[in-house]
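Peer 1: One file is attached below, upload-v1.tsv, containing TSV, C-alpha atoms.
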```tsv
chain	number	residue	atom	x	y	z
A	1	GLY	CA	-47.18	-21.80	-48.15
A	2	ALA	CA	-46.52	-19.32	-50.89
A	3	GLY	CA	-43.92	-20.15	-53.47
A	4	VAL	CA	-41.50	-17.89	-55.27
A	5	SER	CA	-43.35	-15.00	-56.85
A	6	GLN	CA	-42.11	-13.10	-59.87
A	7	THR	CA	-43.59	-9.94	-61.31
A	8	PRO	CA	-44.50	-9.04	-63.91
A	9	SER	CA	-45.19	-12.34	-65.62
A	10	ASN	CA	-44.72	-10.67	-69.00
A	11	LYS	CA	-42.88	-7.50	-69.96
A	12	VAL	CA	-42.64	-5.96	-73.40
A	13	THR	CA	-40.26	-3.06	-73.81
A	14	GLU	CA	-38.58	-1.13	-76.57
A	15	LYS	CA	-34.93	-1.44	-77.36
A	16	GLY	CA	-32.90	0.97	-75.26
A	17	LYS	CA	-35.35	1.16	-72.39
A	18	TYR	CA	-34.71	0.26	-68.75
A	19	VAL	CA	-36.57	-2.61	-67.05
A	20	GLU	CA	-36.87	-3.98	-63.56
A	21	LEU	CA	-37.91	-7.53	-62.76
A	22	ARG	CA	-38.98	-8.44	-59.26
A	23	CYS	CA	-38.62	-11.64	-57.28
A	24	ASP	CA	-40.23	-12.41	-53.94
A	25	PRO	CA	-38.64	-15.59	-52.54
A	26	ILE	CA	-40.07	-18.13	-50.16
A	27	SER	CA	-40.07	-16.70	-46.66
A	28	GLY	CA	-36.97	-17.73	-44.73
A	29	HIS	CA	-34.94	-18.69	-47.78
A	30	THR	CA	-31.58	-16.98	-47.48
A	31	ALA	CA	-30.27	-17.94	-50.90
A	32	LEU	CA	-31.70	-16.33	-54.04
A	33	TYR	CA	-30.75	-16.95	-57.64
A	34	TRP	CA	-31.46	-15.35	-60.98
A	35	TYR	CA	-31.34	-17.42	-64.15
A	36	ARG	CA	-32.11	-16.62	-67.75
A	37	GLN	CA	-33.73	-19.15	-70.07
A	38	SER	CA	-33.78	-18.68	-73.81
A	39	LEU	CA	-36.01	-20.72	-76.09
A	40	GLY	CA	-34.83	-24.32	-76.31
A	41	GLN	CA	-32.13	-23.84	-73.70
A	42	GLY	CA	-31.63	-24.73	-70.09
A	43	PRO	CA	-31.56	-22.04	-67.42
A	44	GLU	CA	-28.36	-19.99	-67.53
A	45	PHE	CA	-26.96	-18.79	-64.21
A	46	LEU	CA	-26.81	-15.02	-63.74
A	47	ILE	CA	-26.29	-14.17	-60.09
A	48	TYR	CA	-26.58	-15.65	-56.62
A	49	PHE	CA	-27.34	-13.86	-53.33
A	50	GLN	CA	-26.71	-15.16	-49.86
A	51	GLY	CA	-28.60	-12.75	-47.66
A	52	THR	CA	-28.16	-9.19	-48.90
A	53	GLY	CA	-24.86	-9.66	-50.69
A	54	ALA	CA	-24.18	-10.95	-54.16
A	55	ALA	CA	-22.03	-13.98	-53.45
A	56	ASP	CA	-21.49	-14.75	-57.12
A	57	ASP	CA	-22.35	-12.45	-60.02
A	58	SER	CA	-20.13	-14.17	-62.55
A	59	GLY	CA	-23.07	-15.02	-64.80
A	60	LEU	CA	-24.18	-11.46	-65.49
A	61	PRO	CA	-23.49	-11.00	-69.22
A	62	ASN	CA	-22.33	-7.37	-69.07
A	63	ASP	CA	-22.58	-4.19	-67.03
A	64	ARG	CA	-26.08	-3.44	-68.31
A	65	PHE	CA	-27.31	-6.09	-65.90
A	66	PHE	CA	-27.47	-5.47	-62.18
A	67	ALA	CA	-29.36	-7.04	-59.30
A	68	VAL	CA	-30.02	-6.01	-55.71
A	69	ARG	CA	-31.46	-7.57	-52.61
A	70	PRO	CA	-31.29	-4.76	-50.07
A	71	GLU	CA	-33.09	-6.39	-47.16
A	72	GLY	CA	-32.22	-9.99	-47.82
A	73	SER	CA	-35.66	-10.88	-49.12
A	74	VAL	CA	-37.10	-9.36	-52.31
A	75	SER	CA	-34.68	-9.00	-55.19
A	76	THR	CA	-34.80	-6.83	-58.29
A	77	LEU	CA	-32.99	-7.59	-61.52
A	78	LYS	CA	-32.31	-4.40	-63.46
A	79	ILE	CA	-31.45	-4.21	-67.14
A	80	GLN	CA	-30.32	-0.94	-68.67
A	81	ARG	CA	-30.39	-0.02	-72.36
A	82	THR	CA	-32.18	-3.23	-73.27
A	83	GLU	CA	-31.26	-5.03	-76.46
A	84	ARG	CA	-33.29	-7.48	-78.54
A	85	GLY	CA	-30.90	-10.23	-77.46
A	86	ASP	CA	-32.02	-9.74	-73.86
A	87	SER	CA	-35.39	-11.26	-74.75
A	88	ALA	CA	-35.80	-14.41	-72.66
A	89	VAL	CA	-37.56	-15.80	-69.63
A	90	TYR	CA	-35.91	-14.60	-66.45
A	91	LEU	CA	-36.24	-17.12	-63.64
A	92	CYS	CA	-35.83	-16.52	-59.96
A	93	ALA	CA	-35.24	-19.28	-57.44
A	94	SER	CA	-34.67	-19.47	-53.73
A	95	SER	CA	-33.37	-22.06	-51.30
A	96	LEU	CA	-32.85	-22.44	-47.60
A	97	VAL	CA	-29.06	-22.29	-47.88
A	98	GLY	CA	-26.65	-22.36	-50.78
A	99	GLY	CA	-24.18	-25.12	-51.48
A	100	GLY	CA	-26.35	-27.66	-53.22
A	101	SER	CA	-29.76	-27.21	-51.62
A	102	PRO	CA	-32.65	-27.74	-54.04
A	103	LEU	CA	-33.89	-24.60	-55.72
A	104	HIS	CA	-37.52	-23.54	-55.70
A	105	PHE	CA	-38.36	-21.67	-58.88
A	106	GLY	CA	-40.87	-19.01	-59.70
A	107	ASN	CA	-42.81	-19.09	-62.97
A	108	GLY	CA	-40.53	-16.51	-64.50
A	109	THR	CA	-40.86	-13.17	-66.25
A	110	ARG	CA	-41.00	-13.33	-70.02
A	111	LEU	CA	-39.13	-10.28	-71.32
A	112	THR	CA	-39.59	-9.24	-74.92
A	113	VAL	CA	-37.49	-6.40	-76.31
A	114	THR	CA	-38.87	-4.99	-79.54
B	1	ALA	CA	-16.80	-24.88	-62.81
B	2	GLN	CA	-19.21	-27.74	-63.05
B	3	SER	CA	-21.14	-28.47	-66.24
B	4	VAL	CA	-23.89	-30.77	-67.47
B	5	THR	CA	-24.54	-32.45	-70.80
B	6	GLN	CA	-27.88	-33.88	-71.84
B	7	PRO	CA	-27.14	-35.68	-75.11
B	8	ASP	CA	-30.74	-36.10	-76.23
B	9	ILE	CA	-32.58	-32.96	-77.32
B	10	HIS	CA	-35.89	-34.72	-77.96
B	11	ILE	CA	-37.19	-38.18	-77.09
B	12	THR	CA	-40.50	-39.77	-78.06
B	13	VAL	CA	-41.88	-42.78	-76.23
B	14	SER	CA	-45.19	-44.58	-76.27
B	15	GLU	CA	-47.44	-44.36	-73.27
B	16	GLY	CA	-46.71	-47.27	-70.96
B	17	ALA	CA	-43.18	-47.75	-72.27
B	18	SER	CA	-40.10	-47.32	-70.13
B	19	LEU	CA	-38.04	-44.14	-70.23
B	20	GLU	CA	-34.41	-43.25	-69.68
B	21	LEU	CA	-33.09	-39.70	-70.03
B	22	ARG	CA	-29.34	-39.30	-70.06
B	23	CYS	CA	-27.27	-36.83	-68.08
B	24	ASN	CA	-23.51	-36.52	-67.84
B	25	TYR	CA	-21.79	-34.06	-65.56
B	26	SER	CA	-18.33	-32.64	-65.13
B	27	TYR	CA	-17.11	-31.81	-61.67
B	28	GLY	CA	-13.94	-32.63	-59.76
B	29	ALA	CA	-15.51	-33.69	-56.49
B	30	THR	CA	-18.72	-35.38	-55.44
B	31	PRO	CA	-21.49	-33.32	-56.96
B	32	TYR	CA	-24.98	-32.52	-55.89
B	33	LEU	CA	-27.22	-33.74	-58.73
B	34	PHE	CA	-30.78	-32.84	-59.54
B	35	TRP	CA	-33.50	-33.50	-62.06
B	36	TYR	CA	-36.15	-30.85	-62.70
B	37	VAL	CA	-39.22	-30.98	-64.92
B	38	GLN	CA	-40.79	-28.04	-66.71
B	39	SER	CA	-44.25	-28.31	-68.18
B	40	PRO	CA	-45.47	-25.70	-70.69
B	41	GLY	CA	-46.17	-22.44	-68.92
B	42	GLN	CA	-45.03	-23.84	-65.60
B	43	GLY	CA	-42.04	-23.22	-63.39
B	44	LEU	CA	-39.31	-25.77	-62.86
B	45	GLN	CA	-40.29	-28.49	-60.41
B	46	LEU	CA	-37.79	-30.68	-58.57
B	47	LEU	CA	-38.18	-34.38	-59.35
B	48	LEU	CA	-35.35	-35.77	-57.27
B	49	LYS	CA	-31.88	-35.06	-55.93
B	50	TYR	CA	-28.68	-36.89	-55.04
B	51	PHE	CA	-26.38	-35.63	-52.31
B	52	SER	CA	-24.65	-38.73	-50.94
B	53	GLY	CA	-25.33	-42.26	-49.81
B	54	ASP	CA	-27.47	-44.64	-51.84
B	55	THR	CA	-26.72	-44.05	-55.49
B	56	LEU	CA	-30.25	-44.95	-56.58
B	57	VAL	CA	-32.63	-42.18	-55.60
B	58	GLN	CA	-36.38	-42.12	-55.81
B	59	GLY	CA	-38.33	-39.05	-56.73
B	60	ILE	CA	-41.86	-37.87	-57.25
B	61	LYS	CA	-44.22	-39.12	-59.95
B	62	GLY	CA	-42.55	-42.55	-60.06
B	63	PHE	CA	-39.18	-41.31	-61.32
B	64	GLU	CA	-35.82	-42.58	-60.17
B	65	ALA	CA	-32.22	-41.79	-61.03
B	66	GLU	CA	-28.92	-43.56	-60.53
B	67	PHE	CA	-25.62	-41.84	-59.79
B	68	LYS	CA	-22.70	-43.60	-61.45
B	69	ARG	CA	-19.43	-41.98	-60.49
B	70	SER	CA	-17.36	-44.07	-62.90
B	71	GLN	CA	-19.45	-42.82	-65.82
B	72	SER	CA	-20.08	-39.31	-64.47
B	73	SER	CA	-23.74	-39.95	-65.14
B	74	PHE	CA	-27.06	-39.39	-63.42
B	75	ASN	CA	-29.68	-40.86	-65.75
B	76	LEU	CA	-33.38	-40.47	-65.06
B	77	ARG	CA	-35.68	-43.46	-65.45
B	78	LYS	CA	-39.33	-44.34	-65.24
B	79	PRO	CA	-40.68	-47.85	-65.81
B	80	SER	CA	-43.98	-46.82	-67.39
B	81	VAL	CA	-44.55	-43.39	-68.89
B	82	HIS	CA	-47.87	-41.59	-68.65
B	83	TRP	CA	-49.16	-39.02	-71.13
B	84	SER	CA	-48.89	-36.37	-68.40
B	85	ASP	CA	-45.12	-36.89	-68.27
B	86	ALA	CA	-44.72	-35.00	-71.54
B	87	ALA	CA	-42.55	-32.01	-70.61
B	88	GLU	CA	-39.00	-30.66	-70.69
B	89	TYR	CA	-36.55	-32.34	-68.33
B	90	PHE	CA	-33.43	-30.67	-67.01
B	91	CYS	CA	-30.49	-32.22	-65.23
B	92	ALA	CA	-28.51	-29.92	-62.94
B	93	VAL	CA	-25.31	-30.11	-60.94
B	94	GLY	CA	-24.40	-28.10	-57.88
B	95	ALA	CA	-21.23	-27.94	-55.84
B	96	ASP	CA	-20.37	-27.65	-52.21
B	97	ASN	CA	-17.75	-24.96	-52.54
B	98	ASN	CA	-19.75	-22.58	-54.65
B	99	ASN	CA	-23.36	-21.89	-54.87
B	100	ASP	CA	-24.57	-21.73	-58.40
B	101	MET	CA	-26.32	-24.64	-60.00
B	102	ARG	CA	-25.59	-25.44	-63.63
B	103	PHE	CA	-28.28	-26.84	-65.88
B	104	GLY	CA	-28.16	-28.93	-68.99
B	105	ALA	CA	-29.88	-27.80	-72.17
B	106	GLY	CA	-32.82	-30.07	-71.45
B	107	THR	CA	-34.51	-33.06	-73.08
B	108	ARG	CA	-38.01	-32.64	-74.44
B	109	LEU	CA	-40.18	-35.70	-73.88
B	110	THR	CA	-43.10	-36.46	-76.16
B	111	VAL	CA	-45.48	-39.27	-75.20
B	112	LYS	CA	-47.37	-41.05	-77.99
B	113	PRO	CA	-50.80	-42.49	-77.21
```
In structure tokens, write the structure found in this file.
Peer 2:
Amino acid sequence: GAGVSQTPSNKVTEKGKYVELRCDPISGHTALYWYRQSLGQGPEFLIYFQGTGAADDSGLPNDRFFAVRPEGSVSTLKIQRTERGDSAVYLCASSLVGGGSPLHFGNGTRLTVT
Amino acid sequence: AQSVTQPDIHITVSEGASLELRCNYSYGATPYLFWYVQSPGQGLQLLLKYFSGDTLVQGIKGFEAEFKRSQSSFNLRKPSVHWSDAAEYFCAVGADNNNDMRFGAGTRLTVKP
């Protein structure tokens, strides 16, 4: 079956602009995660959804970052007033349930802020 | 919150040699432990996981890992490395009472011919 799909695969934007990154999880997976991976680092947790609600958003770095999952499937990560330090690969993952189930990752969106 | 340490940033082994990648975790209860592999330009792929039971777990591609509670470790091993194993390896820990998984910084494996 289809895996986790992330679009776009690459995004280049100017400092100060707004961007949206999309994640389409595996069908039937109720848990959805956003991670950020900088060069030479492991994935850094941003936010976790169980269904439509954000069960844990403690990893969002500041209020410029926001994510939604209105129908419990597709999720959008939104970044306002982008900064050069936001440049990274943004990874989305889904799983059947939370609480330790293995995550299935998409290939990520590489965001470059110039 | 749980955390993971991978002490080795980069390891080089010869093809056919054995491999051990180290992982230490911090968590107050029995953790869920995972190893993922990331090849260049690829997404993270699950190699194996430990939830409970037998502390030696087998994964894909001939990898295995052993959970040692007394050492808070979950080291990844392979008896004979292949050139295609060259990649970045990440250890991760999850918990039962929250739902985010924490990753180590990764170990980059280079395989010499």
Peer 1: Determine the nearest neighbour of chain A from the options B:Lys78, B:Arg22, B:Lys112, B:Arg102, counting only C-alpha atoms.
Peer 2: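 For chain A, the nearest of the given residues is B:Arg102.
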Peer 1: Do me a favour and pick out the residues of chain B within 10 Å of chain A, using all atoms listed in the file, as a PDB file with C-alpha atoms, in the frame of the given file.
Peer 2:
```pdb
ATOM      1  CA  ILE B   9     -32.580 -32.960 -77.320  1.00  0.00           C
ATOM      2  CA  PRO B  31     -21.490 -33.320 -56.960  1.00  0.00           C
ATOM      3  CA  TYR B  32     -24.980 -32.520 -55.890  1.00  0.00           C
ATOM      4  CA  LEU B  33     -27.220 -33.740 -58.730  1.00  0.00           C
ATOM      5  CA  PHE B  34     -30.780 -32.840 -59.540  1.00  0.00           C
ATOM      6  CA  TRP B  35     -33.500 -33.500 -62.060  1.00  0.00           C
ATOM      7  CA  TYR B  36     -36.150 -30.850 -62.700  1.00  0.00           C
ATOM      8  CA  GLN B  38     -40.790 -28.040 -66.710  1.00  0.00           C
ATOM      9  CA  GLY B  41     -46.170 -22.440 -68.920  1.00  0.00           C
ATOM     10  CA  GLN B  42     -45.030 -23.840 -65.600  1.00  0.00           C
ATOM     11  CA  GLY B  43     -42.040 -23.220 -63.390  1.00  0.00           C
ATOM     12  CA  LEU B  44     -39.310 -25.770 -62.860  1.00  0.00           C
ATOM     13  CA  GLN B  45     -40.290 -28.490 -60.410  1.00  0.00           C
ATOM     14  CA  LEU B  46     -37.790 -30.680 -58.570  1.00  0.00           C
ATOM     15  CA  LEU B  48     -35.350 -35.770 -57.270  1.00  0.00           C
ATOM     16  CA  LYS B  49     -31.880 -35.060 -55.930  1.00  0.00           C
ATOM     17  CA  TYR B  50     -28.680 -36.890 -55.040  1.00  0.00           C
ATOM     18  CA  PHE B  51     -26.380 -35.630 -52.310  1.00  0.00           C
ATOM     19  CA  GLU B  88     -39.000 -30.660 -70.690  1.00  0.00           C
ATOM     20  CA  TYR B  89     -36.550 -32.340 -68.330  1.00  0.00           C
ATOM     21  CA  PHE B  90     -33.430 -30.670 -67.010  1.00  0.00           C
ATOM     22  CA  CYS B  91     -30.490 -32.220 -65.230  1.00  0.00           C
ATOM     23  CA  ALA B  92     -28.510 -29.920 -62.940  1.00  0.00           C
ATOM     24  CA  VAL B  93     -25.310 -30.110 -60.940  1.00  0.00           C
ATOM     25  CA  GLY B  94     -24.400 -28.100 -57.880  1.00  0.00           C
ATOM     26  CA  ALA B  95     -21.230 -27.940 -55.840  1.00  0.00           C
ATOM     27  CA  ASP B  96     -20.370 -27.650 -52.210  1.00  0.00           C
ATOM     28  CA  ASN B  97     -17.750 -24.960 -52.540  1.00  0.00           C
ATOM     29  CA  ASN B  98     -19.750 -22.580 -54.650  1.00  0.00           C
ATOM     30  CA  ASN B  99     -23.360 -21.890 -54.870  1.00  0.00           C
ATOM     31  CA  ASP B 100     -24.570 -21.730 -58.400  1.00  0.00           C
ATOM     32  CA  MET B 101     -26.320 -24.640 -60.000  1.00  0.00           C
ATOM     33  CA  ARG B 102     -25.590 -25.440 -63.630  1.00  0.00           C
ATOM     34  CA  PHE B 103     -28.280 -26.840 -65.880  1.00  0.00           C
ATOM     35  CA  GLY B 104     -28.160 -28.930 -68.990  1.00  0.00           C
ATOM     36  CA  ALA B 105     -29.880 -27.800 -72.170  1.00  0.00           C
ATOM     37  CA  GLY B 106     -32.820 -30.070 -71.450  1.00  0.00           C
ATOM     38  CA  THR B 107     -34.510 -33.060 -73.080  1.00  0.00           C
ATOM     39  CA  ARG B 108     -38.010 -32.640 -74.440  1.00  0.00           C
TER      40      ARG B 108
END
```
Peer 1: Between atom CA of A:Glu20 and atom CA of B:Ser39, measure the distance and give it in Å to one decimal.
Peer 2: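 It comes out at 25.8 Å.
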Peer 1: Here's a test: counting only C-alpha atoms, identify every protein, DNA and RNA residue with an atom at most 10 Å from (-21.3, -35.5, -63.6) in the file's coordinate frame, and state them as a ChimeraX atom specification.
Peer 2: /B:2-5,23-33,67-74,91-94
Peer 1: Could you take the residues named above and write them with C-alpha atoms, as a PDB file, in the coordinates of the input?
Peer 2:
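What follows is the written file out.pdb:
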```
ATOM      1  CA  GLN B   2     -19.210 -27.740 -63.050  1.00  0.00           C
ATOM      2  CA  SER B   3     -21.140 -28.470 -66.240  1.00  0.00           C
ATOM      3  CA  VAL B   4     -23.890 -30.770 -67.470  1.00  0.00           C
ATOM      4  CA  THR B   5     -24.540 -32.450 -70.800  1.00  0.00           C
ATOM      5  CA  CYS B  23     -27.270 -36.830 -68.080  1.00  0.00           C
ATOM      6  CA  ASN B  24     -23.510 -36.520 -67.840  1.00  0.00           C
ATOM      7  CA  TYR B  25     -21.790 -34.060 -65.560  1.00  0.00           C
ATOM      8  CA  SER B  26     -18.330 -32.640 -65.130  1.00  0.00           C
ATOM      9  CA  TYR B  27     -17.110 -31.810 -61.670  1.00  0.00           C
ATOM     10  CA  GLY B  28     -13.940 -32.630 -59.760  1.00  0.00           C
ATOM     11  CA  ALA B  29     -15.510 -33.690 -56.490  1.00  0.00           C
ATOM     12  CA  THR B  30     -18.720 -35.380 -55.440  1.00  0.00           C
ATOM     13  CA  PRO B  31     -21.490 -33.320 -56.960  1.00  0.00           C
ATOM     14  CA  TYR B  32     -24.980 -32.520 -55.890  1.00  0.00           C
ATOM     15  CA  LEU B  33     -27.220 -33.740 -58.730  1.00  0.00           C
ATOM     16  CA  PHE B  67     -25.620 -41.840 -59.790  1.00  0.00           C
ATOM     17  CA  LYS B  68     -22.700 -43.600 -61.450  1.00  0.00           C
ATOM     18  CA  ARG B  69     -19.430 -41.980 -60.490  1.00  0.00           C
ATOM     19  CA  SER B  70     -17.360 -44.070 -62.900  1.00  0.00           C
ATOM     20  CA  GLN B  71     -19.450 -42.820 -65.820  1.00  0.00           C
ATOM     21  CA  SER B  72     -20.080 -39.310 -64.470  1.00  0.00           C
ATOM     22  CA  SER B  73     -23.740 -39.950 -65.140  1.00  0.00           C
ATOM     23  CA  PHE B  74     -27.060 -39.390 -63.420  1.00  0.00           C
ATOM     24  CA  CYS B  91     -30.490 -32.220 -65.230  1.00  0.00           C
ATOM     25  CA  ALA B  92     -28.510 -29.920 -62.940  1.00  0.00           C
ATOM     26  CA  VAL B  93     -25.310 -30.110 -60.940  1.00  0.00           C
ATOM     27  CA  GLY B  94     -24.400 -28.100 -57.880  1.00  0.00           C
TER      28      GLY B  94
END
```
Peer 1: So the first atom is atom CA of A:Lys15 and the second is atom CA of A:Leu60; what is the distance between them in Å, to one decimal place?
Peer 2: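 About the pair atom CA of A:Lys15 and atom CA of A:Leu60: they are 18.9 Å apart.
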Peer 1: What is the distance between atom CA of B:Phe63 and atom CA of B:Asp8, in Å to one decimal?
Peer 2: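 If I compute the distance from atom CA of B:Phe63 to atom CA of B:Asp8, I get 17.9 Å.
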Peer 1: May I have the residues within 10 Å of B:Gly62 as a PyMOL selection string, using all atoms listed in the file and disregarding those fewer than 5 positions away in the same chain?
Peer 2: chain B and resi 47+77-81
Peer 1: Taking into account all atoms listed in the file, which residue in the set B:Gln58, B:Ala1, B:His82, B:Ala65 is nearest to B:Leu21?
Peer 2: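 Going through B:Gln58, B:Ala1, B:His82, B:Ala65 one by one, the smallest distance to B:Leu21 is for B:Ala65.
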Peer 1: Could you check the closest approach to A:Ser94 for each of A:Asn62, A:Ser73, A:Asn10, A:Ala67 and tell me which residue wins, using all atoms listed in the file?
Peer 2: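 Counting all atoms listed in the file, the residue closest to A:Ser94 is A:Ser73.
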Peer 1: Box time for stretch 49-60 of chain A: axis-aligned, enclosing all its listed atoms, 3 Å extra on each side; report centre and edge lengths in Å to one decimal, as lines of an AutoDock Vina configuration file.
Peer 2:
```
center_x = -24.4
center_y = -12.2
center_z = -56.6
size_x = 14.5
size_y = 12.0
size_z = 23.8
```
Peer 1: Would you be able to write out as a ChimeraX atom specification which residues have an atom within 9 Å of (-30.6, 1.5, -76.2) in the file's coordinates, counting all atoms listed in the file?
Peer 2: /A:14-18,80-83
